[in-house]
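Q: Please find one structure pasted underneath; my questions will follow.
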Amino acid sequence: MIEHVPMEDHRKGAAALDEARLRQQAIGVKLRQMFDEVVNEPVPDEFLDILRKAETPSGER
Amino acid sequence: MSEAQVGRSPFDPARDGTFKKELVTLIPHLRAFARTLTGDPTAADDLAQDAMMKAWDARASFQLGTNMKAWTFMILRNQFYSEKRRSWRQSQLDQEAAERTLVAVDDPEAPVALDELRLSLAMLPPEQREALILVGAGGFAYEEAAEICGCAVGTVKSRVSRARRALQAILEAGAYDRDGAAAGDAMYAILADAERLSTLR
């Protein structure tokens, strides 16, 4: 099978595969970057305020 | 989570303190996950706050020392889908985002732009998007992602690989859509192609 494929096509195929792999890596890196960008944002005070209020319910303590 | 579990028997401030400390460290991650699910910062923070409070209320049912990150992500995810069932707004947002993506002209040699990625992510079916985010960005193992999504490990693996292929196809198509094919049609063609390709392998 393989020897019927012209060398040129082979090289193109391999190059395309490499490019696809690189592209996937780039997407992976960006995906993490996108997520980490939010993780690294300062947490709005609201979050801790709400939690603090919940922790000391009126009536208890 | 039943209401019954919320009423803990012994009041335990020390345990609550430990729980809270860990929960607080997870807030940034919950916000990030919520952002990817909703695509909207304000809605995401509402969702993350709801999830945080649900986790707090259910703290008695959580076993300290087990994976709190996965547990809270599961709560957030359930919250998201129960809200989503009540509203169709999100699907409209997805559609708009998808159409904007396809208008973008991109140099294939250029690194993937963040905005472009964000918009392309919005085009993925939700179950593929969340699987890819959990594994590809959230740092979860396939097994943990499966637990969070309530499905089999193999299902997560296949969703992640389909999502990767579809994302790539969408990003690449962003360049060739310059010729002016209707954006909506093009998107469905791309997704159908990606889907077909992923079932072949």
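The way I read the labels, and the way they are meant: chains A, B, ... in the order of the structure tokens, residue 1 as the first residue of every chain, and ligand 1 as the first ligand shown, with later ones counted on from there.
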Select from chain A every residue with an atom at most 12 Å from any atom of chain B, then for each give the shortest pair of atoms and their distance in Å to one decimal, using only C-alpha atoms, rows by chain and rising number, as JSON lines.

A:
```
{"residue": "A:Glu19", "atom": "CA", "partner": "B:Glu109", "partner_atom": "CA", "distance": 10.0}
{"residue": "A:Ala20", "atom": "CA", "partner": "B:Gln168", "partner_atom": "CA", "distance": 8.2}
{"residue": "A:Arg21", "atom": "CA", "partner": "B:Gln168", "partner_atom": "CA", "distance": 10.2}
{"residue": "A:Leu22", "atom": "CA", "partner": "B:Pro111", "partner_atom": "CA", "distance": 10.3}
{"residue": "A:Arg23", "atom": "CA", "partner": "B:Gln168", "partner_atom": "CA", "distance": 7.3}
{"residue": "A:Gln24", "atom": "CA", "partner": "B:Gln168", "partner_atom": "CA", "distance": 7.0}
{"residue": "A:Gln25", "atom": "CA", "partner": "B:Arg164", "partner_atom": "CA", "distance": 10.1}
{"residue": "A:Ala26", "atom": "CA", "partner": "B:Val112", "partner_atom": "CA", "distance": 6.6}
{"residue": "A:Ile27", "atom": "CA", "partner": "B:Val112", "partner_atom": "CA", "distance": 6.6}
{"residue": "A:Gly28", "atom": "CA", "partner": "B:Gly136", "partner_atom": "CA", "distance": 6.4}
{"residue": "A:Val29", "atom": "CA", "partner": "B:Ala137", "partner_atom": "CA", "distance": 8.5}
{"residue": "A:Lys30", "atom": "CA", "partner": "B:Leu114", "partner_atom": "CA", "distance": 6.6}
{"residue": "A:Leu31", "atom": "CA", "partner": "B:Ala137", "partner_atom": "CA", "distance": 5.9}
{"residue": "A:Arg32", "atom": "CA", "partner": "B:Ala137", "partner_atom": "CA", "distance": 4.4}
{"residue": "A:Gln33", "atom": "CA", "partner": "B:Ala137", "partner_atom": "CA", "distance": 7.9}
{"residue": "A:Met34", "atom": "CA", "partner": "B:Leu114", "partner_atom": "CA", "distance": 6.8}
{"residue": "A:Phe35", "atom": "CA", "partner": "B:Ala32", "partner_atom": "CA", "distance": 5.7}
{"residue": "A:Asp36", "atom": "CA", "partner": "B:Ala32", "partner_atom": "CA", "distance": 7.4}
{"residue": "A:Glu37", "atom": "CA", "partner": "B:Ala32", "partner_atom": "CA", "distance": 8.1}
{"residue": "A:Val38", "atom": "CA", "partner": "B:Ala32", "partner_atom": "CA", "distance": 5.1}
{"residue": "A:Val39", "atom": "CA", "partner": "B:Pro28", "partner_atom": "CA", "distance": 4.5}
{"residue": "A:Asn40", "atom": "CA", "partner": "B:Pro28", "partner_atom": "CA", "distance": 7.0}
{"residue": "A:Glu41", "atom": "CA", "partner": "B:Pro28", "partner_atom": "CA", "distance": 7.3}
{"residue": "A:Pro42", "atom": "CA", "partner": "B:Pro28", "partner_atom": "CA", "distance": 7.9}
{"residue": "A:Val43", "atom": "CA", "partner": "B:Pro28", "partner_atom": "CA", "distance": 6.4}
{"residue": "A:Pro44", "atom": "CA", "partner": "B:Asp45", "partner_atom": "CA", "distance": 8.9}
{"residue": "A:Asp45", "atom": "CA", "partner": "B:Ile27", "partner_atom": "CA", "distance": 11.3}
{"residue": "A:Glu46", "atom": "CA", "partner": "B:Gln49", "partner_atom": "CA", "distance": 8.6}
{"residue": "A:Phe47", "atom": "CA", "partner": "B:Gln49", "partner_atom": "CA", "distance": 6.4}
{"residue": "A:Leu48", "atom": "CA", "partner": "B:Val24", "partner_atom": "CA", "distance": 7.8}
{"residue": "A:Asp49", "atom": "CA", "partner": "B:Gln49", "partner_atom": "CA", "distance": 10.6}
{"residue": "A:Ile50", "atom": "CA", "partner": "B:Met53", "partner_atom": "CA", "distance": 8.1}
{"residue": "A:Leu51", "atom": "CA", "partner": "B:Met53", "partner_atom": "CA", "distance": 7.1}
{"residue": "A:Arg52", "atom": "CA", "partner": "B:Lys20", "partner_atom": "CA", "distance": 9.5}
{"residue": "A:Lys53", "atom": "CA", "partner": "B:Met53", "partner_atom": "CA", "distance": 10.6}
{"residue": "A:Ala54", "atom": "CA", "partner": "B:Met53", "partner_atom": "CA", "distance": 8.0}
{"residue": "A:Glu55", "atom": "CA", "partner": "B:Asp16", "partner_atom": "CA", "distance": 8.5}
{"residue": "A:Thr56", "atom": "CA", "partner": "B:Pro13", "partner_atom": "CA", "distance": 10.7}
{"residue": "A:Pro57", "atom": "CA", "partner": "B:Asp57", "partner_atom": "CA", "distance": 11.8}
{"residue": "A:Glu60", "atom": "CA", "partner": "B:Phe11", "partner_atom": "CA", "distance": 10.8}
{"residue": "A:Arg61", "atom": "CA", "partner": "B:Pro13", "partner_atom": "CA", "distance": 11.3}
```

Q: What does the file look like for those residues with N, CA and C atoms, as a CSV table (one decimal), in the first residue's frame?

A:
```
chain,number,residue,atom,x,y,z
A,19,GLU,N,2.0,19.6,11.9
A,19,GLU,CA,1.3,20.9,12.1
A,19,GLU,C,0.1,20.8,13.0
A,20,ALA,N,-0.7,19.7,12.8
A,20,ALA,CA,-1.8,19.4,13.6
A,20,ALA,C,-1.4,19.3,15.0
A,21,ARG,N,-0.3,18.6,15.2
A,21,ARG,CA,0.1,18.3,16.6
A,21,ARG,C,0.5,19.6,17.3
A,22,LEU,N,1.3,20.4,16.5
A,22,LEU,CA,1.7,21.7,17.1
A,22,LEU,C,0.5,22.6,17.4
A,23,ARG,N,-0.5,22.6,16.5
A,23,ARG,CA,-1.7,23.3,16.7
A,23,ARG,C,-2.4,22.9,17.9
A,24,GLN,N,-2.5,21.6,18.1
A,24,GLN,CA,-3.1,21.0,19.4
A,24,GLN,C,-2.4,21.5,20.6
A,25,GLN,N,-1.1,21.5,20.5
A,25,GLN,CA,-0.3,22.0,21.7
A,25,GLN,C,-0.6,23.4,22.0
A,26,ALA,N,-0.7,24.2,20.9
A,26,ALA,CA,-0.9,25.6,21.1
A,26,ALA,C,-2.3,25.8,21.7
A,27,ILE,N,-3.3,25.0,21.3
A,27,ILE,CA,-4.6,25.1,21.8
A,27,ILE,C,-4.6,24.8,23.3
A,28,GLY,N,-3.8,23.7,23.6
A,28,GLY,CA,-3.7,23.3,25.0
A,28,GLY,C,-3.2,24.4,25.9
A,29,VAL,N,-2.1,25.0,25.4
A,29,VAL,CA,-1.4,26.0,26.2
A,29,VAL,C,-2.4,27.2,26.4
A,30,LYS,N,-3.1,27.6,25.4
A,30,LYS,CA,-4.0,28.7,25.5
A,30,LYS,C,-5.2,28.4,26.4
A,31,LEU,N,-5.6,27.2,26.3
A,31,LEU,CA,-6.8,26.7,27.2
A,31,LEU,C,-6.4,26.9,28.6
A,32,ARG,N,-5.2,26.5,29.0
A,32,ARG,CA,-4.7,26.6,30.4
A,32,ARG,C,-4.6,28.1,30.7
A,33,GLN,N,-4.0,28.8,29.8
A,33,GLN,CA,-3.8,30.2,30.0
A,33,GLN,C,-5.1,31.0,30.3
A,34,MET,N,-6.1,30.6,29.5
A,34,MET,CA,-7.5,31.2,29.6
A,34,MET,C,-8.0,30.9,31.0
A,35,PHE,N,-7.9,29.7,31.4
A,35,PHE,CA,-8.4,29.3,32.7
A,35,PHE,C,-7.6,29.9,33.8
A,36,ASP,N,-6.3,29.9,33.7
A,36,ASP,CA,-5.5,30.4,34.8
A,36,ASP,C,-5.6,31.9,34.9
A,37,GLU,N,-5.9,32.6,33.8
A,37,GLU,CA,-6.1,34.0,33.9
A,37,GLU,C,-7.2,34.4,34.9
A,38,VAL,N,-8.3,33.6,34.9
A,38,VAL,CA,-9.4,33.8,35.8
A,38,VAL,C,-9.0,33.4,37.2
A,39,VAL,N,-8.3,32.2,37.3
A,39,VAL,CA,-7.8,31.7,38.6
A,39,VAL,C,-7.0,32.8,39.3
A,40,ASN,N,-6.2,33.5,38.5
A,40,ASN,CA,-5.2,34.5,39.1
A,40,ASN,C,-5.8,35.8,39.4
A,41,GLU,N,-7.1,36.0,38.9
A,41,GLU,CA,-7.8,37.3,39.3
A,41,GLU,C,-8.0,37.3,40.8
A,42,PRO,N,-7.9,38.5,41.3
A,42,PRO,CA,-8.3,38.6,42.7
A,42,PRO,C,-9.8,38.3,42.9
A,43,VAL,N,-10.0,37.5,44.0
A,43,VAL,CA,-11.4,37.1,44.3
A,43,VAL,C,-12.2,38.3,44.8
A,44,PRO,N,-13.4,38.6,44.2
A,44,PRO,CA,-14.2,39.7,44.6
A,44,PRO,C,-14.6,39.5,46.1
A,45,ASP,N,-14.6,40.6,46.9
A,45,ASP,CA,-14.8,40.6,48.3
A,45,ASP,C,-16.2,39.9,48.6
A,46,GLU,N,-17.1,40.1,47.7
A,46,GLU,CA,-18.4,39.5,47.9
A,46,GLU,C,-18.4,38.0,48.3
A,47,PHE,N,-17.5,37.3,47.7
A,47,PHE,CA,-17.4,35.8,48.0
A,47,PHE,C,-17.1,35.6,49.5
A,48,LEU,N,-16.1,36.3,50.0
A,48,LEU,CA,-15.8,36.1,51.4
A,48,LEU,C,-16.8,36.7,52.4
A,49,ASP,N,-17.5,37.8,51.9
A,49,ASP,CA,-18.5,38.4,52.7
A,49,ASP,C,-19.7,37.4,52.9
A,50,ILE,N,-20.1,36.8,51.8
A,50,ILE,CA,-21.2,35.9,51.9
A,50,ILE,C,-20.9,34.7,52.8
A,51,LEU,N,-19.7,34.2,52.6
A,51,LEU,CA,-19.2,33.0,53.4
A,51,LEU,C,-19.2,33.4,54.9
A,52,ARG,N,-18.7,34.6,55.2
A,52,ARG,CA,-18.6,35.0,56.6
A,52,ARG,C,-20.0,35.1,57.2
A,53,LYS,N,-20.9,35.7,56.4
A,53,LYS,CA,-22.3,35.8,56.9
A,53,LYS,C,-22.9,34.4,57.2
A,54,ALA,N,-22.6,33.5,56.3
A,54,ALA,CA,-23.2,32.2,56.5
A,54,ALA,C,-22.6,31.5,57.7
A,55,GLU,N,-21.4,31.8,58.0
A,55,GLU,CA,-20.7,31.2,59.1
A,55,GLU,C,-21.2,31.5,60.4
A,56,THR,N,-21.7,32.8,60.5
A,56,THR,CA,-22.2,33.2,61.8
A,56,THR,C,-23.7,33.6,61.6
A,57,PRO,N,-24.5,32.5,61.6
A,57,PRO,CA,-26.0,32.8,61.3
A,57,PRO,C,-26.6,33.5,62.6
A,60,GLU,N,-27.5,31.9,66.2
A,60,GLU,CA,-26.5,31.1,66.8
A,60,GLU,C,-25.3,32.0,67.3
A,61,ARG,N,-24.7,31.6,68.3
A,61,ARG,CA,-23.6,32.4,68.9
A,61,ARG,C,-24.0,33.8,69.3
```

Q: Quick one: DSSP alpha helix (DSSP H) residues in region 15-60 of chain A, as an NGL selection string?

A: :A and (15-39 or 45-55)

Q: Since we have the selection now, will you write its residues out, keeping C-alpha atoms, as a PDB file, in the first residue's frame?

A:
```pdb
ATOM      1  CA  ALA A  15       4.045  17.779   7.636  1.00  0.00           C
ATOM      2  CA  ALA A  16       0.295  18.131   8.050  1.00  0.00           C
ATOM      3  CA  LEU A  17       0.389  15.739  10.974  1.00  0.00           C
ATOM      4  CA  ASP A  18       3.183  17.699  12.623  1.00  0.00           C
ATOM      5  CA  GLU A  19       1.316  20.911  12.083  1.00  0.00           C
ATOM      6  CA  ALA A  20      -1.840  19.435  13.565  1.00  0.00           C
ATOM      7  CA  ARG A  21       0.137  18.312  16.597  1.00  0.00           C
ATOM      8  CA  LEU A  22       1.676  21.741  17.056  1.00  0.00           C
ATOM      9  CA  ARG A  23      -1.707  23.330  16.667  1.00  0.00           C
ATOM     10  CA  GLN A  24      -3.130  21.032  19.356  1.00  0.00           C
ATOM     11  CA  GLN A  25      -0.296  21.953  21.687  1.00  0.00           C
ATOM     12  CA  ALA A  26      -0.925  25.625  21.061  1.00  0.00           C
ATOM     13  CA  ILE A  27      -4.606  25.145  21.819  1.00  0.00           C
ATOM     14  CA  GLY A  28      -3.750  23.287  25.016  1.00  0.00           C
ATOM     15  CA  VAL A  29      -1.442  26.035  26.189  1.00  0.00           C
ATOM     16  CA  LYS A  30      -4.021  28.713  25.455  1.00  0.00           C
ATOM     17  CA  LEU A  31      -6.751  26.740  27.151  1.00  0.00           C
ATOM     18  CA  ARG A  32      -4.749  26.604  30.359  1.00  0.00           C
ATOM     19  CA  GLN A  33      -3.814  30.245  29.989  1.00  0.00           C
ATOM     20  CA  MET A  34      -7.455  31.210  29.595  1.00  0.00           C
ATOM     21  CA  PHE A  35      -8.418  29.253  32.707  1.00  0.00           C
ATOM     22  CA  ASP A  36      -5.451  30.427  34.775  1.00  0.00           C
ATOM     23  CA  GLU A  37      -6.149  34.021  33.861  1.00  0.00           C
ATOM     24  CA  VAL A  38      -9.379  33.804  35.824  1.00  0.00           C
ATOM     25  CA  VAL A  39      -7.817  31.727  38.604  1.00  0.00           C
ATOM     26  CA  ASP A  45     -14.843  40.600  48.312  1.00  0.00           C
ATOM     27  CA  GLU A  46     -18.427  39.483  47.879  1.00  0.00           C
ATOM     28  CA  PHE A  47     -17.401  35.847  48.043  1.00  0.00           C
ATOM     29  CA  LEU A  48     -15.770  36.099  51.434  1.00  0.00           C
ATOM     30  CA  ASP A  49     -18.522  38.368  52.739  1.00  0.00           C
ATOM     31  CA  ILE A  50     -21.193  35.855  51.868  1.00  0.00           C
ATOM     32  CA  LEU A  51     -19.236  33.047  53.416  1.00  0.00           C
ATOM     33  CA  ARG A  52     -18.602  35.050  56.576  1.00  0.00           C
ATOM     34  CA  LYS A  53     -22.307  35.815  56.938  1.00  0.00           C
ATOM     35  CA  ALA A  54     -23.176  32.156  56.469  1.00  0.00           C
ATOM     36  CA  GLU A  55     -20.652  31.154  59.078  1.00  0.00           C
TER      37      GLU A  55
END
```

Q: CA of Lys157 (chain B) and CA of Ala14 (chain A), how far apart in Å?

A: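 Going from CA of Ala14 (chain A) over to CA of Lys157 (chain B) covers 25.2 Å.
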
Q: To one decimal place in Å, what is the distance between CA of Gln79 (chain B) and CA of Ile170 (chain B)?

A: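 We find that CA of Gln79 (chain B) and CA of Ile170 (chain B) lie 28.6 Å from each other.
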
Q: What gap, in Å, lies between CA of Glu116 (chain B) and CA of Gly39 (chain B)?

A: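 Computing it gives 12.9 Å between the two atoms.
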
Q: Please provide the set of residues having any atom within 9 Å of Ala70 (chain B), restricted to only C-alpha atoms, with same-chain residues fewer than 4 positions apart removed, written as a count of residues only.

A: 7

Q: So that I can see what lies close to Gly65 (chain B), please list as a VMD selection string the residues with an atom at most 12 Å from it, counting only C-alpha atoms and leaving out residues fewer than 5 positions away in the same chain.

A: chain B and resid 15 18 to 19 22 71

Q: With C-alpha atoms retained, export the selected residues as a JSON list (two decimals), in the first residue's frame.

A:
```
[["chain", "number", "residue", "atom", "x", "y", "z"],
["B", 15, "ARG", "CA", -14.09, 21.14, 61.42],
["B", 18, "THR", "CA", -10.83, 23.56, 58.25],
["B", 19, "PHE", "CA", -13.55, 23.16, 55.68],
["B", 22, "GLU", "CA", -10.01, 24.80, 51.99],
["B", 71, "TRP", "CA", -16.63, 17.80, 44.90]]
```
